[in-house]
$ cat input05.cif   # mmCIF, C-alpha atoms
data_data
loop_
_atom_site.label_atom_id
_atom_site.label_comp_id
_atom_site.auth_asym_id
_atom_site.auth_seq_id
_atom_site.Cartn_x
_atom_site.Cartn_y
_atom_site.Cartn_z
CA MET A 1 111.02 112.22 227.96
CA ILE A 2 112.18 110.34 224.86
CA LYS A 3 114.80 108.46 226.89
CA PHE A 4 112.16 107.55 229.47
CA LEU A 5 109.78 106.22 226.80
CA ALA A 6 112.61 104.27 225.18
CA LYS A 7 113.55 102.67 228.50
CA ALA A 8 109.89 101.92 229.27
CA LEU A 9 109.46 100.30 225.85
CA ALA A 10 112.62 98.23 226.31
CA ILE A 11 111.55 97.07 229.76
CA THR A 12 108.03 96.24 228.55
CA THR A 13 109.40 94.29 225.57
CA LEU A 14 111.77 92.35 227.81
CA PHE A 15 108.94 91.64 230.26
CA LEU A 16 106.69 90.28 227.50
CA LEU A 17 109.48 88.09 226.14
CA ILE A 18 110.12 86.67 229.60
CA ILE A 19 106.40 86.02 230.18
CA PHE A 20 105.97 84.28 226.83
CA ASN A 21 109.18 82.27 227.17
CA LEU A 22 109.16 81.47 230.88
CA ASP A 23 108.27 77.83 230.22
CA ASP A 24 110.43 77.49 227.15
CA THR A 25 113.87 79.00 227.67
CA ARG A 26 114.75 76.03 229.89
CA LYS A 27 114.03 73.57 227.08
CA THR A 28 116.11 72.42 224.16
CA GLN A 29 114.81 72.25 220.63
CA ASP A 30 113.08 68.96 219.91
CA ARG A 31 115.87 67.23 218.07
CA ALA A 32 113.72 64.23 217.09
CA LEU A 33 111.17 66.45 215.36
CA LYS A 34 113.85 68.47 213.57
CA LYS A 35 115.52 65.25 212.44
CA HIS A 36 112.19 63.88 211.14
CA TRP A 37 111.35 67.08 209.29
CA ASP A 38 114.79 67.61 207.75
CA ALA A 39 115.05 63.97 206.69
CA ILE A 40 111.63 63.76 205.07
CA ASN A 41 112.33 66.93 203.08
CA LEU A 42 115.75 65.65 202.03
CA GLN A 43 114.18 62.37 200.85
CA ALA A 44 110.99 63.93 199.45
CA GLU A 45 111.50 62.56 195.93
CA LYS A 46 111.53 58.91 196.97
CA ILE A 47 109.09 58.70 199.91
CA ASN A 48 105.61 57.39 199.08
CA THR A 49 104.35 56.14 202.48
CA VAL A 50 104.39 57.95 205.84
CA PHE A 51 103.49 56.63 209.31
CA PHE A 52 102.11 58.95 212.00
CA GLY A 53 101.58 58.04 215.64
CA THR A 54 102.85 57.97 219.20
CA SER A 55 105.86 56.18 220.65
CA LEU A 56 103.86 52.97 220.15
CA THR A 57 104.28 53.38 216.37
CA LEU A 58 107.71 54.99 216.63
CA SER A 59 109.14 51.91 218.34
CA ALA A 60 107.03 49.28 216.55
CA VAL A 61 107.23 50.09 212.82
CA ASP A 62 110.53 49.64 211.02
CA PRO A 63 110.22 51.28 207.56
CA ALA A 64 113.23 49.39 206.20
CA LEU A 65 111.66 46.03 207.10
CA PHE A 66 108.23 47.22 205.93
CA ASP A 67 109.62 48.15 202.49
CA SER A 68 111.61 44.91 202.24
CA LEU A 69 108.57 42.76 203.05
CA ASN A 70 106.44 44.70 200.57
CA ARG A 71 109.01 44.17 197.83
CA ASN A 72 108.88 40.44 198.54
CA LEU A 73 105.12 40.66 198.16
CA GLY A 74 105.41 42.51 194.85
CA LEU A 75 104.78 46.07 196.02
CA GLN A 76 107.24 48.97 195.93
CA THR A 77 107.16 51.23 198.98
CA ASN A 78 109.59 53.79 200.39
CA SER A 79 108.28 54.59 203.82
CA PHE A 80 109.11 56.98 206.65
CA ASN A 81 108.07 56.79 210.32
CA PHE A 82 107.08 60.35 211.35
CA SER A 83 105.84 59.28 214.80
CA LEU A 84 106.69 61.17 217.99
CA PRO A 85 106.24 60.36 221.71
CA GLY A 86 102.83 61.50 222.92
CA MET A 87 101.56 62.59 219.49
CA ASP A 88 97.81 62.90 220.05
CA LEU A 89 95.17 63.28 217.32
CA LEU A 90 95.41 67.08 217.28
CA GLU A 91 99.16 67.03 216.75
CA ALA A 92 98.85 64.22 214.19
CA GLN A 93 96.29 66.29 212.30
CA TYR A 94 98.70 69.24 212.25
CA TRP A 95 101.67 67.25 210.95
CA VAL A 96 99.59 65.39 208.38
CA GLU A 97 98.55 68.81 207.05
CA GLN A 98 102.17 69.97 207.00
CA ILE A 99 103.24 66.87 205.07
CA LEU A 100 100.36 67.23 202.61
CA HIS A 101 101.43 70.79 201.88
CA GLN A 102 105.07 69.84 201.39
CA ASP A 103 106.42 68.99 197.97
CA ILE A 104 106.45 65.20 198.29
CA PRO A 105 105.51 64.31 194.70
CA ASN A 106 105.20 60.54 195.10
CA LEU A 107 103.29 60.43 198.38
CA GLU A 108 100.58 57.78 198.03
CA THR A 109 99.69 56.48 201.50
CA ILE A 110 99.46 57.69 205.08
CA ILE A 111 99.20 55.15 207.90
CA LEU A 112 97.81 56.81 211.03
CA GLU A 113 97.72 55.49 214.59
CA ILE A 114 94.39 56.30 216.24
CA ASN A 115 93.74 56.78 219.95
CA ASP A 116 91.01 58.20 222.12
CA LEU A 117 91.38 61.94 222.58
CA THR A 118 92.24 63.19 226.05
CA LEU A 119 91.88 66.87 226.92
CA PHE A 120 94.78 66.87 229.36
CA LEU A 121 98.10 67.56 227.68
CA ASN A 122 100.15 64.40 227.34
CA SER A 123 103.06 64.18 229.75
CA ALA A 124 105.24 62.95 226.87
CA ASN A 125 104.98 66.19 224.91
CA HIS A 126 103.49 69.04 226.94
CA ARG A 127 106.90 70.09 228.25
CA THR A 128 108.51 70.14 224.81
CA PRO A 129 108.75 72.91 222.17
CA ARG A 130 106.56 70.75 219.88
CA ILE A 131 103.45 71.74 221.78
CA ILE A 132 103.65 75.32 220.50
CA SER A 133 103.91 74.27 216.86
CA HIS A 134 100.48 72.69 216.53
CA HIS A 135 98.52 75.11 218.70
CA ASP A 136 97.39 77.24 215.81
CA PHE A 137 93.89 78.75 215.67
CA LYS A 138 92.25 75.64 214.18
CA ARG A 139 93.51 73.18 216.77
CA THR A 140 93.22 75.56 219.73
CA LEU A 141 89.56 76.14 218.82
CA ILE A 142 88.93 72.38 218.53
CA ALA A 143 90.53 71.74 221.94
CA CYS A 144 88.73 74.59 223.71
CA LYS A 145 85.32 73.57 222.33
CA ALA A 146 85.89 70.00 223.49
CA ILE A 147 86.92 71.22 226.95
CA LEU A 148 83.82 73.39 227.29
CA ASN A 149 81.60 70.48 226.19
CA SER A 150 83.12 68.15 228.78
CA SER A 151 81.89 67.52 232.32
CA TYR A 152 85.14 68.56 233.96
CA ARG A 153 84.62 71.03 236.78
CA PRO A 154 84.75 74.71 235.78
CA VAL A 155 88.05 75.16 237.61
CA GLN A 156 89.61 72.30 235.62
CA GLN A 157 88.15 73.62 232.39
CA TYR A 158 89.62 77.05 233.11
CA LYS A 159 93.09 75.59 233.74
CA MET A 160 92.97 73.46 230.58
CA ILE A 161 91.78 76.33 228.40
CA LYS A 162 94.37 78.66 229.94
CA SER A 163 97.14 76.23 228.97
CA ARG A 164 95.85 75.94 225.41
CA MET A 165 95.50 79.70 225.03
CA THR A 166 99.03 80.24 226.35
CA PHE A 167 100.40 77.93 223.68
CA PHE A 168 98.20 79.61 221.06
CA ALA A 169 99.61 83.03 222.05
CA LYS A 170 103.16 81.71 221.73
CA HIS A 171 102.31 80.13 218.38
CA SER A 172 100.65 83.31 217.08
CA PHE A 173 103.32 85.76 218.20
CA LYS A 174 106.18 83.29 217.76
CA ALA A 175 107.25 84.36 221.22
CA GLY A 176 108.22 80.82 222.09
CA GLU A 177 110.69 80.82 219.24
CA MET A 178 113.15 82.83 221.35
CA ARG A 179 114.29 79.52 222.81
CA TYR A 180 115.88 78.66 219.47
CA LEU A 181 118.04 81.76 219.71
CA VAL A 182 118.99 80.97 223.30
CA ASN A 183 119.65 77.30 222.56
CA SER A 184 121.74 78.09 219.50
CA LEU A 185 124.20 79.85 221.81
CA PHE A 186 124.76 76.73 223.91
CA ASN A 187 123.68 73.74 221.82
CA ASP A 188 124.59 72.56 218.36
CA ILE A 189 121.20 71.58 216.93
CA SER A 190 122.41 71.12 213.37
CA ILE A 191 122.13 67.60 212.00
CA PRO A 192 124.55 66.53 209.25
CA GLY A 193 122.77 65.95 205.95
CA ASP A 194 124.62 62.68 205.32
CA SER A 195 123.08 61.17 208.46
CA LEU A 196 119.60 62.04 207.19
CA ARG A 197 119.75 60.47 203.74
CA ASN A 198 119.08 56.96 205.04
CA TYR A 199 117.26 57.95 208.23
CA ASN A 200 113.67 56.59 208.26
CA GLY A 201 112.41 57.75 211.65
CA TYR A 202 112.39 54.35 213.33
CA THR A 203 113.52 54.50 216.97
CA GLN A 204 113.60 51.46 219.19
CA LYS A 205 113.26 51.71 222.94
CA THR A 206 116.59 51.15 224.68
CA VAL A 207 117.82 51.27 228.26
CA ARG A 208 120.30 54.05 227.52
CA HIS A 209 118.06 56.66 229.14
CA PRO A 210 117.71 56.37 232.94
CA HIS A 211 113.89 56.68 232.99
CA LEU A 212 113.56 53.99 230.30
CA GLN A 213 115.96 51.79 232.22
CA LYS A 214 113.73 52.07 235.30
CA ARG A 215 110.65 51.23 233.26
CA ARG A 216 112.40 48.21 231.79
CA GLN A 217 113.54 46.97 235.18
CA HIS A 218 110.04 47.38 236.60
CA PHE A 219 108.53 45.46 233.68
CA LEU A 220 110.97 42.57 234.23
CA SER A 221 110.28 42.46 237.97
CA GLU A 222 107.68 40.22 239.57
CA GLU A 223 105.59 43.29 240.43
CA GLY A 224 105.75 44.44 236.81
CA LYS A 225 104.73 40.99 235.61
CA GLN A 226 101.64 41.02 237.83
CA GLU A 227 100.73 44.58 236.82
CA TYR A 228 100.96 43.71 233.14
CA GLN A 229 98.86 40.59 233.59
CA GLN A 230 96.22 42.60 235.44
CA LYS A 231 96.03 45.03 232.54
CA LEU A 232 95.67 42.19 230.05
CA ASN A 233 92.95 40.66 232.22
CA GLY A 234 90.96 43.84 231.85
CA ASN A 235 91.22 45.26 235.38
CA HIS A 236 92.13 48.64 233.87
CA ARG A 237 88.63 48.80 232.36
CA LYS A 238 87.26 49.60 235.81
CA ARG A 239 88.43 53.21 235.50
CA ASN A 240 84.88 54.33 234.81
CA LYS A 241 85.46 57.97 235.77
CA MET A 242 88.24 58.37 233.22
CA PHE A 243 86.23 56.49 230.60
CA LYS A 244 83.38 58.95 231.07
CA HIS A 245 85.66 61.78 229.98
CA TYR A 246 86.99 59.70 227.08
CA ARG A 247 83.43 59.07 225.90
CA GLN A 248 82.65 62.78 225.98
CA THR A 249 85.57 63.70 223.73
CA GLN A 250 85.13 61.04 221.07
CA ALA A 251 82.77 63.14 218.94
CA THR A 252 85.68 65.57 218.67
CA ALA A 253 88.14 62.74 218.00
CA LEU A 254 85.87 61.38 215.27
CA SER A 255 85.61 64.80 213.60
CA ILE A 256 89.42 65.13 213.64
CA VAL A 257 89.85 61.74 211.96
CA LYS A 258 87.18 62.57 209.37
CA ASP A 259 88.93 65.87 208.65
CA ILE A 260 92.21 64.03 208.06
CA LEU A 261 90.45 61.54 205.77
CA LYS A 262 88.84 64.40 203.83
CA GLN A 263 92.15 66.20 203.34
CA CYS A 264 93.86 63.01 202.18
CA GLU A 265 91.01 62.20 199.80
CA ALA A 266 91.20 65.70 198.30
CA ARG A 267 94.85 65.07 197.45
CA LYS A 268 94.20 61.48 196.35
CA ILE A 269 96.25 60.15 199.27
CA LYS A 270 95.23 56.71 200.55
CA ILE A 271 94.98 56.24 204.31
CA ILE A 272 95.05 53.31 206.73
CA LEU A 273 93.99 53.71 210.37
CA VAL A 274 95.73 51.52 212.94
CA SER A 275 95.12 50.93 216.64
CA MET A 276 98.53 49.81 217.88
CA PRO A 277 98.98 47.02 220.48
CA SER A 278 99.11 48.47 223.97
CA PHE A 279 97.37 46.21 226.49
CA GLY A 280 93.94 45.65 225.01
CA GLU A 281 92.39 48.82 226.40
CA ARG A 282 88.96 49.64 225.07
CA LYS A 283 89.00 52.54 222.60
CA PHE A 284 85.79 54.46 222.04
CA LEU A 285 87.15 56.02 218.86
CA VAL A 286 87.66 52.58 217.31
CA GLU A 287 84.10 51.61 218.21
CA ASN A 288 82.75 54.85 216.72
CA LEU A 289 84.72 54.42 213.50
CA ILE A 290 83.38 50.87 213.13
CA SER A 291 79.78 51.78 213.98
CA GLN A 292 79.78 54.70 211.54
CA GLN A 293 81.37 52.51 208.85
CA VAL A 294 84.00 55.08 207.96
CA ASP A 295 85.15 54.43 204.41
CA CYS A 296 88.81 53.51 204.88
CA VAL A 297 90.94 50.52 205.80
CA MET A 298 91.24 50.11 209.59
CA LEU A 299 93.38 47.61 211.48
CA ASN A 300 92.92 47.02 215.22
CA LEU A 301 96.04 45.36 216.65
CA ASP A 302 95.11 46.09 220.26
CA LEU A 303 93.38 42.71 220.65
CA PRO A 304 95.28 40.31 222.98
CA GLU A 305 92.97 37.41 222.13
CA LYS A 306 93.65 37.77 218.39
CA TYR A 307 97.31 38.85 218.36
CA GLN A 308 98.69 36.89 221.28
CA ALA A 309 102.32 37.19 220.18
CA LEU A 310 102.14 40.99 220.30
CA PHE A 311 101.26 40.80 223.99
CA ALA A 312 103.77 38.12 225.01
CA ARG A 313 106.19 39.56 227.57
CA GLU A 314 109.23 38.39 225.61
CA ASN A 315 108.15 40.71 222.77
CA ARG A 316 107.70 43.71 225.06
CA PHE A 317 110.05 46.43 226.22
CA ASP A 318 107.69 47.67 228.95
CA LEU A 319 103.97 47.75 229.76
CA ASN A 320 103.03 49.58 226.56
CA HIS A 321 105.91 49.33 224.10
CA LEU A 322 107.22 46.48 222.00
CA ASN A 323 110.88 45.52 221.78
CA HIS A 324 112.72 44.94 218.50
CA GLN A 325 111.35 41.40 218.15
CA GLY A 326 107.80 42.65 218.73
CA ALA A 327 108.38 45.44 216.20
CA LYS A 328 109.25 42.83 213.57
CA LEU A 329 105.90 41.13 214.19
CA VAL A 330 103.89 44.36 213.93
CA THR A 331 105.75 45.51 210.83
CA ALA A 332 105.08 42.15 209.16
CA ILE A 333 101.35 42.36 209.96
CA LEU A 334 101.19 45.90 208.55
CA ALA A 335 103.03 44.87 205.39
CA ASN A 336 100.66 41.94 204.82
CA THR A 337 97.61 44.15 205.44
CA PHE A 338 99.02 46.81 203.14
CA THR A 339 99.43 44.42 200.23
CA GLU A 340 96.14 42.60 200.86
CA LYS A 341 94.10 45.79 201.08
CA ARG A 342 95.86 47.87 198.42
CA ASN A 343 93.04 47.30 195.96
CA ASN A 344 90.56 48.74 198.49
CA LEU A 345 92.61 51.84 199.25
#
$ encode --input "input05.cif" --output "structure tokens"
Amino acid sequence: MIKFLAKALAITTLFLLIIFNLDDTRKTQDRALKKHWDAINLQAEKINTVFFGTSLTLSAVDPALFDSLNRNLGLQTNSFNFSLPGMDLLEAQYWVEQILHQDIPNLETIILEINDLTLFLNSANHRTPRIISHHDFKRTLIACKAILNSSYRPVQQYKMIKSRMTFFAKHSFKAGEMRYLVNSLFNDISIPGDSLRNYNGYTQKTVRHPHLQKRRQHFLSEEGKQEYQQKLNGNHRKRNKMFKHYRQTQATALSIVKDILKQCEARKIKIILVSMPSFGERKFLVENLISQQVDCVMLNLDLPEKYQALFARENRFDLNHLNHQGAKLVTAILANTFTEKRNNL
């Protein structure tokens, strides 16, 4: 009887581990996130400014150039770009909280990219281990409430909530962490400390990866040129059905931003909100922040008519992302804004 119970327990335990890890054992640990986290902790004594955002910020803000320009303008900054592909507001909120609770004694400013909240998991991160990290109780509750308040069909709502709850279960029971054990047997995920001492998070888009090479080739083609021009002309604004869902979630997006502002204010951390240049798409969150006169510095760079150089094709890597030359332009604008507005922060 005891042997039978022991076998049953072993089989049940194995079954639960497989169920919880079915979507994760095929993945590798997110090396970019680990590199960010290890580097920012290694450099904690000197860092005073941190950027958070999506790949738009990751590939468009060079901390080394930002600090150099600020020094020329009479301001000392030591910045780090903690952006990650597909980092939505919920994930940004989580990592801002993690940074605020770390021992970074000289942290003074957070510069946060803002985007409309979408309830569908971003294709850039929903198949990565990162997704489990930020699905704690707080953020799972926020997401599920927003889903239930949306006008998506009940079947869609069920699927979206099911996904969120699955990640919450993995986060709560740390079941998803088994992938680290599996990966450690086949992959060396350690990152030498020497390579992290001068690492600042900045990652430019290159054609080394096949999918990025295809995107680059498409952007340079005649078809890509026409598609980009159509987006700049505003044809993308006709997606009324999608905009309806964006409008419905912006009360949630606004509350997330206000929560981040409140947490930063409590720790006397200054914050700048930035809408990065994409292709001039209307953002309901930006409109809400302006209409409610949120008390913080906000910079909207997603304005083709105002920042023409940021939307010139020669300064672009693809439809959404800037190349290295475009990154220099954005970084310079941010440095100038930072020094001009520092008295208002």
$ residues_around --input "input05.cif" --residues "A:Ala266" --least-positions-apart "5" --cutoff "12 Å" --atoms "only C-alpha atoms" --output "list in words"
Glu97, Leu100, His101, Asp259, Ile260, Leu261 and Ile271 of chain A
$ closest_residue --input "input05.cif" --among "A:Met165, A:Leu301, A:Val96, A:Val155" --to "A:Thr140" --atoms "only C-alpha atoms"
A:Met165
$ resolve_selection --input "input05.cif" --expression "the PyMOL selection byres ((chain A and resi 249) around 12)" --output "ChimeraX atom specification"
/A:89,115-120,142-152,242-248,250-256,283-285,288
$ residues_around --input "input05.cif" --residues "A:Ile333" --least-positions-apart "3" --cutoff "12 Å" --atoms "all atoms listed in the file" --output "PyMOL selection string"
chain A and resi 60-62+65-66+69-70+274+276-277+299-301+307+309-310+326-330+336-341
$ closest_residue --input "input05.cif" --among "A:Ser278, A:Ser55, A:Asn233, A:Gln157" --to "A:Ser83" --atoms "only C-alpha atoms"
A:Ser55
$ atom_distance --input "input05.cif" --atom1 "atom CA of A:Phe311" --atom2 "atom CA of A:Leu232"
8.4 Å
$ resolve_selection --input "input05.cif" --expression "the PyMOL selection byres ((chain A and resi 296) around 8)" --output "list in words"
Ile271, Ile272, Leu273, Val294, Asp295, Val297, Met298 and Leu345 of chain A
$ resolve_selection --input "input05.cif" --expression "the PyMOL selection byres ((chain A and resi 51) around 8)" --output "list in words"
Thr49, Val50, Phe52, Gly53, Thr57, Ser79, Phe80, Asn81, Phe82, Ser83, Ile110, Ile111, Leu112 and Glu113 of chain A
$ atom_distance --input "input05.cif" --atom1 "atom CA of A:Ile132" --atom2 "atom CA of A:Lys170"
6.5 Å
$ atom_distance --input "input05.cif" --atom1 "atom CA of A:Ile104" --atom2 "atom CA of A:Ala44"
4.9 Å
$ closest_residue --input "input05.cif" --among "A:Glu287, A:Asp103, A:Asp302, A:Asp88" --to "A:Ser275" --atoms "only C-alpha atoms"
A:Asp302
$ residues_around --input "input05.cif" --residues "A:Ile40" --least-positions-apart "6" --cutoff "9 Å" --atoms "only C-alpha atoms" --output "compact mmCIF listing (two decimals) with C-alpha atoms, keeping the file's coordinate frame"
# COMPACT_ATOMS: atom_id res chain seq x y z
CA ILE A 47 109.09 58.70 199.91
CA PHE A 80 109.11 56.98 206.65
CA PHE A 82 107.08 60.35 211.35
CA ILE A 99 103.24 66.87 205.07
CA ILE A 104 106.45 65.20 198.29
CA LEU A 196 119.60 62.04 207.19
CA ARG A 197 119.75 60.47 203.74
CA TYR A 199 117.26 57.95 208.23
CA ASN A 200 113.67 56.59 208.26
CA GLY A 201 112.41 57.75 211.65
$ closest_residue --input "input05.cif" --among "A:Trp95, A:Asn198, A:Glu265, A:Ser291" --to "A:Arg130" --atoms "all atoms listed in the file"
A:Trp95
$ closest_residue --input "input05.cif" --among "A:Leu75, A:Leu319, A:Ala332, A:Val286" --to "A:His218" --atoms "all atoms listed in the file"
A:Leu319
